[in-house]
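Colleague: For reference, the file entry.txt (compact mmCIF, C-alpha atoms) is included below:
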# COMPACT_ATOMS: atom_id res chain seq x y z
CA MET A 1 0.00 0.00 0.00
CA GLU A 2 1.32 3.41 -0.97
CA ILE A 3 0.67 6.45 1.20
CA PHE A 4 0.24 9.90 -0.33
CA THR A 5 0.16 13.23 1.49
CA LYS A 6 0.53 15.40 -1.62
CA THR A 7 -2.24 15.78 -4.17
CA LYS A 8 0.20 16.01 -7.06
CA ASN A 9 1.85 12.71 -6.07
CA LEU A 10 -1.45 10.86 -5.91
CA MET A 11 -2.55 12.30 -9.24
CA SER A 12 0.77 11.33 -10.82
CA TYR A 13 0.43 7.78 -9.48
CA LEU A 14 -3.10 7.47 -10.86
CA ASN A 15 -2.18 9.03 -14.22
CA ASN A 16 0.48 6.33 -14.70
CA LEU A 17 -2.05 3.55 -14.38
CA LYS A 18 -3.10 2.23 -17.76
CA ASN A 19 -6.54 0.71 -18.31
CA LYS A 20 -7.07 0.17 -14.59
CA LYS A 21 -10.50 0.57 -13.01
CA ILE A 22 -10.20 2.85 -9.99
CA GLY A 23 -12.39 2.63 -6.91
CA PHE A 24 -12.44 5.38 -4.30
CA VAL A 25 -13.65 5.46 -0.69
CA PRO A 26 -13.65 8.93 0.93
CA THR A 27 -13.60 8.89 4.75
CA MET A 28 -12.84 11.08 7.74
CA GLY A 29 -10.96 8.26 9.46
CA ALA A 30 -11.58 6.40 12.72
CA LEU A 31 -12.42 3.50 10.44
CA HIS A 32 -15.00 0.95 11.58
CA ASN A 33 -16.73 -2.04 10.00
CA GLY A 34 -18.98 0.27 7.99
CA HIS A 35 -15.95 1.79 6.29
CA ILE A 36 -14.38 -1.63 5.88
CA SER A 37 -17.48 -2.87 4.05
CA LEU A 38 -17.12 0.02 1.56
CA ILE A 39 -13.41 -0.69 1.11
CA LYS A 40 -13.95 -4.41 0.57
CA LYS A 41 -16.64 -3.72 -2.00
CA SER A 42 -14.31 -1.37 -3.85
CA VAL A 43 -11.44 -3.88 -3.75
CA SER A 44 -13.72 -6.58 -5.16
CA GLU A 45 -15.07 -4.41 -7.98
CA ASN A 46 -11.99 -2.46 -9.11
CA ASP A 47 -8.34 -2.95 -10.06
CA ILE A 48 -7.12 -0.18 -7.78
CA THR A 49 -8.69 1.11 -4.57
CA ILE A 50 -7.87 4.51 -3.11
CA VAL A 51 -9.02 5.52 0.38
CA SER A 52 -8.82 9.10 1.62
CA ILE A 53 -8.75 10.16 5.26
CA PHE A 54 -9.46 13.84 5.68
CA VAL A 55 -11.42 15.48 8.48
CA ASN A 56 -12.98 18.16 6.32
CA PRO A 57 -13.24 21.47 8.21
CA THR A 58 -15.69 23.12 5.82
CA GLN A 59 -18.54 20.74 6.72
CA PHE A 60 -18.37 21.44 10.46
CA LEU A 61 -20.38 24.26 11.95
CA GLU A 62 -19.09 26.52 14.70
CA GLY A 63 -19.30 24.69 18.01
CA GLU A 64 -19.36 21.21 16.44
CA ASP A 65 -16.80 18.49 17.13
CA LEU A 66 -14.09 19.31 14.57
CA ASP A 67 -11.29 19.55 17.14
CA LYS A 68 -12.25 16.38 19.01
CA TYR A 69 -13.34 14.27 16.02
CA PRO A 70 -11.81 10.78 16.53
CA LYS A 71 -8.37 10.36 14.97
CA LYS A 72 -6.79 6.90 14.71
CA ILE A 73 -4.30 7.22 11.88
CA ALA A 74 -2.01 4.37 12.95
CA SER A 75 -4.83 1.83 13.24
CA ASP A 76 -6.53 3.22 10.13
CA LYS A 77 -3.39 2.52 8.11
CA LYS A 78 -3.37 -1.08 9.32
CA VAL A 79 -7.07 -1.48 8.52
CA CYS A 80 -6.52 -0.22 4.98
CA GLN A 81 -3.48 -2.42 4.42
CA ILE A 82 -5.26 -5.55 5.64
CA ALA A 83 -8.34 -4.73 3.53
CA GLY A 84 -6.25 -4.57 0.35
CA VAL A 85 -6.14 -0.81 -0.28
CA ASP A 86 -3.63 0.21 -2.94
CA GLY A 87 -3.30 3.89 -2.09
CA LEU A 88 -4.07 5.84 1.09
CA PHE A 89 -4.47 9.61 0.70
CA LEU A 90 -3.74 11.65 3.85
CA PRO A 91 -3.84 15.30 2.77
CA THR A 92 -3.50 18.34 4.99
CA GLU A 93 -6.02 21.16 4.84
CA GLU A 94 -3.49 23.18 2.82
CA GLU A 95 -3.40 20.46 0.17
CA ILE A 96 -7.15 20.62 -0.33
CA TYR A 97 -8.10 24.27 0.13
CA PHE A 98 -6.74 27.54 -1.22
CA ASP A 99 -7.14 31.23 -0.52
CA ASP A 100 -10.03 32.96 -2.29
CA GLU A 101 -11.15 29.84 -4.15
CA SER A 102 -14.40 29.08 -5.95
CA GLU A 103 -17.00 27.30 -3.85
CA ILE A 104 -19.98 25.07 -4.47
CA ILE A 105 -23.44 25.69 -3.02
CA ALA A 106 -25.85 22.90 -2.09
CA PRO A 107 -29.26 22.89 -3.83
CA LYS A 108 -31.58 25.54 -2.38
CA LYS A 109 -34.32 23.02 -1.61
CA THR A 110 -32.85 19.61 -0.82
CA GLY A 111 -29.64 21.04 0.61
CA TYR A 112 -31.41 23.04 3.32
CA ILE A 113 -33.97 20.62 4.74
CA LEU A 114 -33.46 18.02 7.48
CA GLU A 115 -29.67 17.89 8.01
CA GLY A 116 -29.28 21.04 5.97
CA TYR A 117 -31.79 22.87 8.17
CA HIS A 118 -30.24 21.80 11.45
CA ARG A 119 -26.68 22.21 10.16
CA PRO A 120 -26.85 25.23 7.82
CA ASN A 121 -24.20 25.19 5.05
CA HIS A 122 -23.01 21.73 6.14
CA PHE A 123 -23.69 20.32 2.69
CA ASN A 124 -21.83 23.18 1.02
CA GLY A 125 -18.70 21.84 2.71
CA VAL A 126 -19.51 18.21 1.97
CA LEU A 127 -20.08 18.78 -1.74
CA ARG A 128 -17.06 21.05 -1.98
CA VAL A 129 -14.65 18.43 -0.66
CA VAL A 130 -16.27 15.52 -2.51
CA LEU A 131 -16.02 17.40 -5.80
CA LYS A 132 -12.33 18.03 -5.18
CA LEU A 133 -11.64 14.41 -4.23
CA LEU A 134 -13.49 13.07 -7.27
CA ASN A 135 -11.49 15.40 -9.50
CA ILE A 136 -8.23 14.35 -7.85
CA THR A 137 -8.87 10.61 -8.13
CA LYS A 138 -10.95 10.57 -11.33
CA ALA A 139 -12.36 7.35 -9.91
CA ASP A 140 -14.54 5.06 -11.98
CA ASN A 141 -16.51 4.14 -8.86
CA ALA A 142 -16.86 5.96 -5.53
CA TYR A 143 -18.43 4.26 -2.52
CA PHE A 144 -20.78 5.96 -0.05
CA GLY A 145 -22.84 4.52 2.78
CA LYS A 146 -26.61 4.86 2.94
CA LYS A 147 -26.52 5.95 6.58
CA ASP A 148 -25.88 9.50 5.37
CA ALA A 149 -28.90 9.27 3.09
CA GLN A 150 -29.32 12.98 2.35
CA GLN A 151 -25.59 13.38 1.73
CA LEU A 152 -25.67 10.42 -0.66
CA TYR A 153 -28.62 11.92 -2.53
CA LEU A 154 -26.88 15.30 -2.87
CA VAL A 155 -23.58 13.77 -3.99
CA LYS A 156 -25.39 11.78 -6.68
CA LYS A 157 -27.24 14.93 -7.74
CA MET A 158 -23.98 16.91 -7.93
CA VAL A 159 -22.31 14.20 -10.01
CA GLN A 160 -25.26 14.28 -12.41
CA ASN A 161 -25.54 18.08 -12.54
CA PHE A 162 -21.81 18.64 -13.14
CA PHE A 163 -21.45 15.78 -15.65
CA ILE A 164 -18.88 13.94 -13.55
CA LYS A 165 -18.09 10.49 -14.93
CA THR A 166 -17.67 8.75 -11.56
CA ASN A 167 -20.31 6.16 -10.72
CA ILE A 168 -21.61 6.60 -7.16
CA VAL A 169 -22.08 3.21 -5.52
CA GLU A 170 -24.64 3.08 -2.69
CA CYS A 171 -23.70 0.75 0.15
CA ASP A 172 -25.98 -0.64 2.85
CA ILE A 173 -25.90 0.54 6.46
CA ILE A 174 -23.77 -1.66 8.70
CA ARG A 175 -25.03 -2.15 12.24
CA ASP A 176 -23.68 -3.52 15.49
CA SER A 177 -25.30 -6.62 16.96
CA ASP A 178 -27.59 -4.40 19.05
CA GLY A 179 -28.85 -2.61 15.93
CA LEU A 180 -27.00 0.67 16.38
CA ALA A 181 -25.80 2.02 13.03
CA LEU A 182 -22.01 2.16 12.96
CA SER A 183 -20.54 5.65 13.22
CA SER A 184 -17.18 7.06 14.26
CA ARG A 185 -19.12 9.26 16.69
CA ASN A 186 -20.37 6.18 18.57
CA ALA A 187 -17.02 6.30 20.37
CA TYR A 188 -18.28 9.37 22.26
CA LEU A 189 -21.11 7.41 23.90
CA THR A 190 -20.97 6.18 27.48
CA MET A 191 -22.38 2.73 28.21
CA GLN A 192 -25.62 4.27 29.46
CA GLU A 193 -25.87 6.57 26.43
CA ARG A 194 -25.33 3.68 24.07
CA GLU A 195 -28.29 1.86 25.61
CA LYS A 196 -30.41 4.92 24.84
CA ALA A 197 -28.95 5.31 21.34
CA VAL A 198 -30.13 1.82 20.36
CA ASN A 199 -33.68 3.19 20.53
CA LEU A 200 -33.01 5.01 17.25
CA SER A 201 -32.85 1.71 15.37
CA LYS A 202 -35.60 0.21 17.54
CA SER A 203 -37.92 3.03 16.50
CA LEU A 204 -37.20 2.25 12.85
CA LYS A 205 -37.98 -1.42 13.49
CA LYS A 206 -41.26 -0.36 15.10
CA ALA A 207 -42.07 1.68 12.01
CA THR A 208 -41.33 -1.35 9.84
CA LYS A 209 -43.75 -3.52 11.82
CA LEU A 210 -46.48 -0.89 11.50
CA ILE A 211 -45.97 -0.66 7.75
CA ILE A 212 -45.98 -4.45 7.37
CA SER A 213 -49.27 -4.53 9.30
CA GLY A 214 -50.74 -2.08 6.76
CA GLU A 215 -50.24 1.34 8.34
CA ARG A 216 -49.47 4.01 5.73
CA ASP A 217 -50.15 7.28 7.58
CA CYS A 218 -46.77 8.96 8.14
CA ASN A 219 -47.94 10.98 11.14
CA ILE A 220 -49.16 7.88 12.95
CA ILE A 221 -45.89 6.10 12.21
CA LYS A 222 -43.85 9.04 13.53
CA GLN A 223 -45.98 9.28 16.67
CA ASN A 224 -45.36 5.61 17.40
CA MET A 225 -41.63 6.03 16.86
CA MET A 226 -41.51 8.93 19.32
CA GLU A 227 -42.73 6.64 22.09
CA LEU A 228 -39.30 4.95 22.05
CA LEU A 229 -37.34 8.20 21.84
CA LYS A 230 -38.21 10.03 25.03
CA ASP A 231 -34.58 9.94 26.27
CA ILE A 232 -33.22 11.39 23.02
CA LYS A 233 -33.36 15.05 22.03
CA ILE A 234 -34.84 14.64 18.56
CA ASP A 235 -33.91 17.09 15.80
CA TYR A 236 -36.30 15.47 13.36
CA ILE A 237 -38.18 12.37 12.34
CA GLU A 238 -39.27 12.68 8.73
CA ILE A 239 -40.56 10.46 5.99
CA VAL A 240 -39.70 11.42 2.41
CA ASP A 241 -39.64 9.89 -1.02
CA ARG A 242 -36.37 9.01 -2.76
CA ASN A 243 -36.13 12.60 -4.04
CA PHE A 244 -36.56 13.98 -0.52
CA ASN A 245 -40.09 15.29 -0.95
CA LYS A 246 -42.08 15.05 2.29
CA LEU A 247 -44.71 12.31 2.30
CA GLU A 248 -48.05 12.09 4.07
CA LYS A 249 -48.55 8.43 3.13
CA ILE A 250 -45.94 5.68 2.84
CA GLU A 251 -45.06 4.76 -0.73
CA ILE A 252 -43.64 1.25 -0.78
CA LYS A 253 -40.22 1.10 -2.50
CA ASN A 254 -40.12 4.91 -2.66
CA SER A 255 -39.90 6.02 1.00
CA ILE A 256 -37.13 6.79 3.48
CA ILE A 257 -37.67 7.28 7.20
CA LEU A 258 -34.98 9.57 8.59
CA ILE A 259 -34.14 10.36 12.18
CA ALA A 260 -31.57 12.57 13.92
CA GLY A 261 -31.05 13.51 17.52
CA PHE A 262 -28.72 13.94 20.46
CA VAL A 263 -27.86 11.20 22.91
CA GLY A 264 -26.14 13.19 25.61
CA THR A 265 -23.94 15.57 23.62
CA THR A 266 -23.50 13.17 20.69
CA ARG A 267 -25.56 13.74 17.58
CA LEU A 268 -26.52 10.57 15.70
CA ILE A 269 -28.49 9.89 12.54
CA ASP A 270 -30.15 6.80 11.14
CA ASN A 271 -32.63 5.89 8.43
CA LEU A 272 -34.59 3.12 6.83
CA GLU A 273 -35.59 2.62 3.22
CA ILE A 274 -39.12 1.34 2.69
Spell out the structure here as structure tokens.
Modeller:
Amino acid sequence: MEIFTKTKNLMSYLNNLKNKKIGFVPTMGALHNGHISLIKKSVSENDITIVSIFVNPTQFLEGEDLDKYPKKIASDKKVCQIAGVDGLFLPTEEEIYFDDESEIIAPKKTGYILEGYHRPNHFNGVLRVVLKLLNITKADNAYFGKKDAQQLYLVKKMVQNFFIKTNIVECDIIRDSDGLALSSRNAYLTMQEREKAVNLSKSLKKATKLIISGERDCNIIKQNMMELLKDIKIDYIEIVDRNFNKLEKIEIKNSIILIAGFVGTTRLIDNLEI
């Protein structure tokens, strides 16, 4: 596995590859089994797999956890090597961003609802860095998890709108044995907080049972979910279609139930496709 800290060196390495299919997995590090599932999928589907680790400052709001975001570079390197990664990109902020540079703005509608409403301009930073990384790697395939459902939707929309050739591969949410969706931020949780956090996935399971039994009214489903979430400060529970339009009635194979909230001081998100 080769390690790159300079953009020009990674680009030179990739430019010298002839007729190789390139897979790319962008991360912010503190790699867990969710990340590993993306990496393994890329390794299995491409000739070369590149993983980036970059805690992107432009997607954090003032007062969020940029400074304390988990950093495990030594173990992350080992994870990537064992998983079969060919190139690990570890850029500094100075390698990615420049003074007085052009920026990208998230869509006015879908970029400022749900996560975009509670974290204003968050998606501006996400799309900005993803666009740069896709341009650096010129990957054939880039792998994103479905846990960040709105982010995934907006990245796919950006790739389409800007005529980027990279294929965005959607990867299923990976969960712990207790149902909690894997996240680097889970490391912040105390044992007691983790027990509460599991109710996020339990509420989604409850919604599933209601839908299987024939319930289609979104308000009734959300009310039932809230019964399990009394110990969590909920930012939102929303049900939307695959284009992030709010729904009043469940549409089978075209609905996503999204949830976000604070367990203690840790903000977690989860979702379920219907």
Colleague: Choose the residue, out of A:Gly34, A:Gly214, A:Pro91, A:Gly29, that has the smallest atom-to-atom separation from Lys72 in chain A; count only C-alpha atoms.
Modeller: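 Closest to Lys72 in chain A, using only C-alpha atoms: A:Gly29.
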Colleague: Separation of CA of Lys68 in chain A and CA of His122 in chain A, in Å?
Modeller: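 Between CA of Lys68 in chain A and CA of His122 in chain A the gap is 17.6 Å.
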Colleague: What gap, in Å, lies between CA of Lys132 in chain A and CA of Asn46 in chain A?
Modeller: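 Here the two named atoms are 20.9 Å from each other.
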Colleague: Please produce, as a tab-separated table, a per-residue contact table for range 173-249 of chain A versus range 62-67 of chain A (criterion: any atom at most 12 Å away, only C-alpha atoms considered), showing the nearest atom pair and its distance in Å to one decimal, sorted by chain then residue number.
Modeller:
residue	atom	partner	partner_atom	distance
A:Ser184	CA	A:Asp65	CA	11.8
A:Arg185	CA	A:Asp65	CA	9.5
A:Tyr188	CA	A:Asp65	CA	10.6
Colleague: What lies within 12 Å of Tyr117 in chain A using all atoms listed in the file, ignoring chain neighbours under 3 positions off, as JSON, numbers by chain?
Modeller: {"A": [106, 108, 109, 110, 111, 112, 113, 114, 120, 121, 122, 123, 150, 235, 236, 260]}
Colleague: Please report the interatomic distance between CA of Lys41 in chain A and CA of Lys78 in chain A in Å with one decimal.
Modeller: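 Going from CA of Lys41 in chain A over to CA of Lys78 in chain A, I get 17.6 Å.
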Colleague: Out of A:Glu95, A:Asp231, A:Gly145, A:Asn243, which residue has the shortest atom-to-atom distance to Lys157 in chain A when counting all atoms listed in the file?
Modeller: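 Closest candidate: A:Asn243.
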Colleague: Which is closer to Thr166 in chain A than all the others in A:Thr49, A:Thr7, A:Thr137, A:Asn245, using all atoms listed in the file?
Modeller: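 The answer is A:Thr137, which sits nearest to Thr166 in chain A.
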Colleague: Determine the nearest neighbour of Phe262 in chain A from the options A:Ser52, A:Gln59, A:Asn186, A:Ser44, counting all atoms listed in the file.
Modeller: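 Using all atoms listed in the file, Phe262 in chain A sits closest to A:Asn186.
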Colleague: My list of candidates is A:Lys202, A:Lys147, A:Lys6, A:Lys222. Which is closest to Ile269 in chain A when distances are computed with all atoms listed in the file?
Modeller: A:Lys147
Colleague: Using only C-alpha atoms, can you list as a VMD selection string the residues within 8 Å of (-34.4, 11.6, 22.4)?
Modeller: chain A and resid 229 to 234 261 to 263
Colleague: Name the residues in contact with Leu180 in chain A at a cut-off of 7 Å, using all atoms listed in the file, excluding same-chain residues fewer than 4 positions from it; report them as a compact mmCIF listing (two decimals) with C-alpha atoms, in the frame of the given file.
Modeller:
# COMPACT_ATOMS: atom_id res chain seq x y z
CA ARG A 175 -25.03 -2.15 12.24
CA ASP A 176 -23.68 -3.52 15.49
CA VAL A 198 -30.13 1.82 20.36
CA SER A 201 -32.85 1.71 15.37
Colleague: Would you kindly return, as a PyMOL selection string, each protein, DNA or RNA residue with an atom no farther than 8 Å from any atom of Asn271 in chain A, considering all atoms listed in the file and excluding same-chain residues fewer than 5 positions away?
Modeller: chain A and resi 147+149+204+256-259
Colleague: Between A:Glu103, A:Asp217, A:Glu2, A:Asp148, which one has atoms that come closest to Cys80 in chain A, using only C-alpha atoms?
Modeller: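 Of all the options, A:Glu2 lies closest to Cys80 in chain A.
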Colleague: Kindly reconstruct range 223-243 of chain A with N, CA and C atoms and present the result as a PDB file, in the frame of the given file.
Modeller:
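Wrote selection_39.pdb, looks like this:
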ATOM      1  N   GLN A 223     -45.517   9.224  15.279  1.00  0.00           N
ATOM      2  CA  GLN A 223     -45.980   9.280  16.670  1.00  0.00           C
ATOM      3  C   GLN A 223     -45.591   8.005  17.428  1.00  0.00           C
ATOM      4  N   ASN A 224     -45.734   6.871  16.780  1.00  0.00           N
ATOM      5  CA  ASN A 224     -45.360   5.610  17.400  1.00  0.00           C
ATOM      6  C   ASN A 224     -43.848   5.507  17.611  1.00  0.00           C
ATOM      7  N   MET A 225     -43.073   6.028  16.693  1.00  0.00           N
ATOM      8  CA  MET A 225     -41.630   6.030  16.860  1.00  0.00           C
ATOM      9  C   MET A 225     -41.212   6.880  18.055  1.00  0.00           C
ATOM     10  N   MET A 226     -41.867   8.009  18.236  1.00  0.00           N
ATOM     11  CA  MET A 226     -41.510   8.930  19.320  1.00  0.00           C
ATOM     12  C   MET A 226     -41.667   8.293  20.692  1.00  0.00           C
ATOM     13  N   GLU A 227     -42.535   7.300  20.810  1.00  0.00           N
ATOM     14  CA  GLU A 227     -42.730   6.640  22.090  1.00  0.00           C
ATOM     15  C   GLU A 227     -41.454   5.959  22.600  1.00  0.00           C
ATOM     16  N   LEU A 228     -40.565   5.593  21.685  1.00  0.00           N
ATOM     17  CA  LEU A 228     -39.300   4.950  22.050  1.00  0.00           C
ATOM     18  C   LEU A 228     -38.156   5.948  22.201  1.00  0.00           C
ATOM     19  N   LEU A 229     -38.425   7.218  21.958  1.00  0.00           N
ATOM     20  CA  LEU A 229     -37.340   8.200  21.840  1.00  0.00           C
ATOM     21  C   LEU A 229     -37.406   9.312  22.884  1.00  0.00           C
ATOM     22  N   LYS A 230     -38.008   9.004  24.010  1.00  0.00           N
ATOM     23  CA  LYS A 230     -38.210  10.030  25.030  1.00  0.00           C
ATOM     24  C   LYS A 230     -36.895  10.465  25.684  1.00  0.00           C
ATOM     25  N   ASP A 231     -35.877   9.610  25.661  1.00  0.00           N
ATOM     26  CA  ASP A 231     -34.580   9.940  26.270  1.00  0.00           C
ATOM     27  C   ASP A 231     -33.606  10.545  25.273  1.00  0.00           C
ATOM     28  N   ILE A 232     -34.080  10.831  24.064  1.00  0.00           N
ATOM     29  CA  ILE A 232     -33.220  11.390  23.020  1.00  0.00           C
ATOM     30  C   ILE A 232     -33.794  12.734  22.591  1.00  0.00           C
ATOM     31  N   LYS A 233     -32.938  13.740  22.501  1.00  0.00           N
ATOM     32  CA  LYS A 233     -33.360  15.050  22.030  1.00  0.00           C
ATOM     33  C   LYS A 233     -33.446  15.002  20.505  1.00  0.00           C
ATOM     34  N   ILE A 234     -34.650  14.875  19.986  1.00  0.00           N
ATOM     35  CA  ILE A 234     -34.840  14.640  18.560  1.00  0.00           C
ATOM     36  C   ILE A 234     -34.770  15.953  17.765  1.00  0.00           C
ATOM     37  N   ASP A 235     -33.924  15.972  16.749  1.00  0.00           N
ATOM     38  CA  ASP A 235     -33.910  17.090  15.800  1.00  0.00           C
ATOM     39  C   ASP A 235     -35.045  16.935  14.801  1.00  0.00           C
ATOM     40  N   TYR A 236     -35.200  15.728  14.291  1.00  0.00           N
ATOM     41  CA  TYR A 236     -36.300  15.470  13.360  1.00  0.00           C
ATOM     42  C   TYR A 236     -36.548  13.978  13.202  1.00  0.00           C
ATOM     43  N   ILE A 237     -37.786  13.646  12.946  1.00  0.00           N
ATOM     44  CA  ILE A 237     -38.180  12.370  12.340  1.00  0.00           C
ATOM     45  C   ILE A 237     -38.989  12.753  11.119  1.00  0.00           C
ATOM     46  N   GLU A 238     -38.561  12.306   9.949  1.00  0.00           N
ATOM     47  CA  GLU A 238     -39.270  12.680   8.730  1.00  0.00           C
ATOM     48  C   GLU A 238     -39.337  11.500   7.782  1.00  0.00           C
ATOM     49  N   ILE A 239     -40.391  11.497   6.997  1.00  0.00           N
ATOM     50  CA  ILE A 239     -40.560  10.460   5.990  1.00  0.00           C
ATOM     51  C   ILE A 239     -40.670  11.148   4.629  1.00  0.00           C
ATOM     52  N   VAL A 240     -39.787  10.775   3.724  1.00  0.00           N
ATOM     53  CA  VAL A 240     -39.700  11.420   2.410  1.00  0.00           C
ATOM     54  C   VAL A 240     -39.647  10.360   1.321  1.00  0.00           C
ATOM     55  N   ASP A 241     -39.854  10.806   0.089  1.00  0.00           N
ATOM     56  CA  ASP A 241     -39.640   9.890  -1.020  1.00  0.00           C
ATOM     57  C   ASP A 241     -38.162   9.899  -1.402  1.00  0.00           C
ATOM     58  N   ARG A 242     -37.789   9.156  -2.417  1.00  0.00           N
ATOM     59  CA  ARG A 242     -36.370   9.010  -2.760  1.00  0.00           C
ATOM     60  C   ARG A 242     -35.771  10.296  -3.320  1.00  0.00           C
ATOM     61  N   ASN A 243     -36.620  11.281  -3.626  1.00  0.00           N
ATOM     62  CA  ASN A 243     -36.130  12.600  -4.040  1.00  0.00           C
ATOM     63  C   ASN A 243     -36.265  13.636  -2.928  1.00  0.00           C
TER      64      ASN A 243
END
